[in-house]
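Visitor: Sharing a structure below in structure tokens format, with a few things to ask.
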Amino acid sequence: MAFGKGTATHTPAHSMFSRFSSPAAFAFALAVLGVGTVQAQNGPGVDVQSDSLTLDATVRSVLDANPGIISLEELANAATGRLAQTRTGFLPQVTGTATYTRVDPVVKIPLGGEAFQIAPNNNYDAHITAQYLLLDFGRSAATVSVAESQVQTARDNVNITRRNLAFDAAQVYYNILFMRESIKVQDAQIASLVAHRNEMEKRVQGGVSTRFDVTTTDVRITQAQNTKIDLENQLRNQQSQLAHLLHRSNQVDVPVKGRLTFEPRPVDVAAETAKGLENRPEIKLARDTENTATLQQRLVERSNLPNLGIGGQVGTKNGYLPNLNQMRFNTVGVVQLSVPIYDGNKNKNQRVEALANARSAVARTQDTQEQVRADVRQAANNIASNQARYANAERQIAQATDALTRAQGRYRYGVGQNLDVLDAETQLAQARLARAQAMYNYTLGQYQLKRATGEQIWQ
């Protein structure tokens with residue numbers, strides 16, 4: 001699964017219980033349902049196997065290892081280079097040129113028996129030319145503004161990609177912890193069933209119970225073991241996904257550690273919505289696009305205006321009378337006014353296009369703002385719903401534990417059936433898994449809220 005735009009849905013606990021008739025099917029379904037994420041905090045919670053990588057270390061390692069971020073950062077650097085290029089329009093342009101030209105034949109005028117040559121055969125020219133744009137009615141400034149906006153867009157794209165990778169890494173990290181906890185719950189159920197089976201073996205040997213009760217228990221043990229196999233496969237898949245994000249393809253089991261807790265906190269929807277409208281990177285990117293479209297429109301409006309520039313040239317060349325081959329210093333000055341007269345309606349059509357792009361960008365910003373509001377509301381709804389589910393799961397665990405104790409006592413004294421004990425064992429395991437699911441779904445809502453409001457989960 002992936003963290004979406006706040007559209008995640010979860011199966012209610014009461015409907016899950018009614019959909020799965022066997023404990024194995026129910027436990028496996030819980031394992032493959034949408035798994036949320038939990039912050040690593042101190043306090044009472046579910047202990048998880050300790051290895052080496054914390055959440056923060058995992059996220060930072062994923063961000064450091066991903067080549068996609070490097071690619072986007074280089075694109076941002078390229079945009080910065082283009083911005084620097086546009087600013088050169090405010091500076092003079094200086095060019096040095098040296099040429100040699102051979103001309104044959106040249107015009108010769110006969111004078112007094114001699115031929116007078118009016119141009120040399122070998123022509124040399126070396127000069128330096130300087131040009132400067134005096135006035136373009138704001139076109140260069142508009143070009144720079146467009147380039148600056150494009151640089152900001154490139155940087156925001158980097159931030160969005162980093163944000164998405166961070167949440168993907170957190171998701172996989174906590175999926176691993178969830179699978180480990182599910183396996184631990186399954187191990188507890190198997191151990192309890194095995195202990196119950198051993199007790200029944202003694203009762204069979206004493207002639208108190210029948211072999212049928214032992215066989216029925218063996219079936220439940222096998223079902224629980226099959227569920228554990230499925231969970232272990234899910235764990236391996238999540239470990240492979242984390243290795244992929246870390247670009248450690250040769251490492252099968254990436255070590256992680258953490259502690260899962262459930263600490264409910266109130267949500268102020270209005271305040272979180274305001275935060276999202278201010279900080280959400282998609283909002284910033286939409287505003288970048290809107291700003292770029294507006295600046296592009298201004299640039300198009302100025303692209304059909306006159307240009308006024310000056311230029312100068314100093315150098316040395318030959319070809320001057322009376323000594324054609326003598327190199328002589330020379331200068332040239334020019335003032336040029338360029339006025340567009342007719343471009344086949346090109347600029348008019350460019351303005352139509354730029355105006356349409358600007359209106360489209362405004363509409364896209366408004367749509368993104370509405371999406372942020374919806375994401376915050378959905379995340380808040382998920383948090384409230386799963387907080388109630390967690391409280392209900394706690395009651396279910398207490399009830400299932402009491403039911404199991406009573407069923408074991410009744411069976412021990414010969415007034416209950418083995419099936420009652422097995423059903424109570426299954427109900428207790430289901431309740432524990434339901435509590436784990438409620439914890440994950442609750443904290444998934446917390447992460448949806450972080451994503452909806454543009455909050456970073458990495459330093």
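Chain labels follow the order of the structure tokens: the first chain is A, the next B, and so on; residue numbering restarts at 1 in every chain, and ligands are counted from 1 in their shown order.
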Please identify all polymer residues within 8 Å of segment 452-458 of chain A, counting only C-alpha atoms, omitting same-chain residues fewer than 3 positions from it, and present them as an MDAnalysis selection string.
Guide: chainID A and resid 5:6 56 59:60 163 166:167 272:273 275:277 279:281 372 375:376 379 448:449
Visitor: Which residues are close to segment 86-103 of chain A, i.e. within 9 Å by only C-alpha atoms, leaving aside same-chain residues fewer than 2 positions away? Reply as a ChimeraX atom specification.
Guide: /A:81-84,105-106,119-134,140-141,143-144,147
Visitor: Give the helix (DSSP H, G or I) residues of segment 148-268 of chain A, as DSSP finds them on the backbone, and put them as a ChimeraX atom specification.
Guide: /A:148-205,211-245
Visitor: Identify, with DSSP run on backbone atoms, the residues in segment 104-252 of chain A assigned to strand (DSSP E), and express the list as a list of chain:residue names.
Guide: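 Listing strand (DSSP E) positions across segment 104-252 of chain A yields A:Lys108, A:Ile109, A:Pro110, A:Leu111, A:Glu114, A:Ala115, A:Phe116, A:Gln117, A:Asn122, A:Asn123, A:Tyr124, A:Asp125, A:Ala126, A:His127, A:Ile128, A:Thr129, A:Ala130, A:Gln131, A:Tyr132, A:Leu133, A:Leu134, A:Leu135.
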Visitor: Calculated over only C-alpha atoms, which of the candidates A:Arg236, A:His244, A:Arg197, A:Arg395 has the smallest distance to Ala169 of chain A?
Guide: A:His244
Visitor: Which residues, written as a list in words, have at least one atom at most 8 Å from Asn330 of chain A, with only C-alpha atoms counted and residues fewer than 2 positions away on the same chain left out?
Guide: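 Answer for this query is Val314, Gly315, Thr316, Lys317, Arg328 and Val332 of chain A.
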Visitor: Create the file for the chosen residues now, containing N, CA and C atoms and written as a JSON list (two decimals), in the first residue's frame.
Guide:
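Heads up, here's the output in again.json:
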```
[["chain", "number", "residue", "atom", "x", "y", "z"],
["A", 314, "VAL", "N", 36.44, 49.15, -32.12],
["A", 314, "VAL", "CA", 37.78, 49.72, -32.29],
["A", 314, "VAL", "C", 38.70, 48.61, -32.78],
["A", 315, "GLY", "N", 39.66, 49.00, -33.64],
["A", 315, "GLY", "CA", 40.55, 47.98, -34.16],
["A", 315, "GLY", "C", 41.56, 48.55, -35.13],
["A", 316, "THR", "N", 42.15, 47.67, -35.89],
["A", 316, "THR", "CA", 43.15, 48.06, -36.88],
["A", 316, "THR", "C", 42.98, 47.21, -38.13],
["A", 317, "LYS", "N", 43.18, 47.82, -39.30],
["A", 317, "LYS", "CA", 43.04, 47.12, -40.56],
["A", 317, "LYS", "C", 43.86, 47.84, -41.63],
["A", 328, "ARG", "N", 46.07, 50.49, -39.93],
["A", 328, "ARG", "CA", 45.70, 51.77, -39.34],
["A", 328, "ARG", "C", 44.59, 51.56, -38.31],
["A", 332, "VAL", "N", 34.33, 52.60, -34.99],
["A", 332, "VAL", "CA", 32.97, 52.61, -35.54],
["A", 332, "VAL", "C", 32.00, 52.75, -34.38]]
```
Visitor: So the first atom is atom CA of Phe212 of chain A and the second is atom CA of Asn418 of chain A; what is the distance between them in Å, to one decimal place?
Guide: 9.6 Å
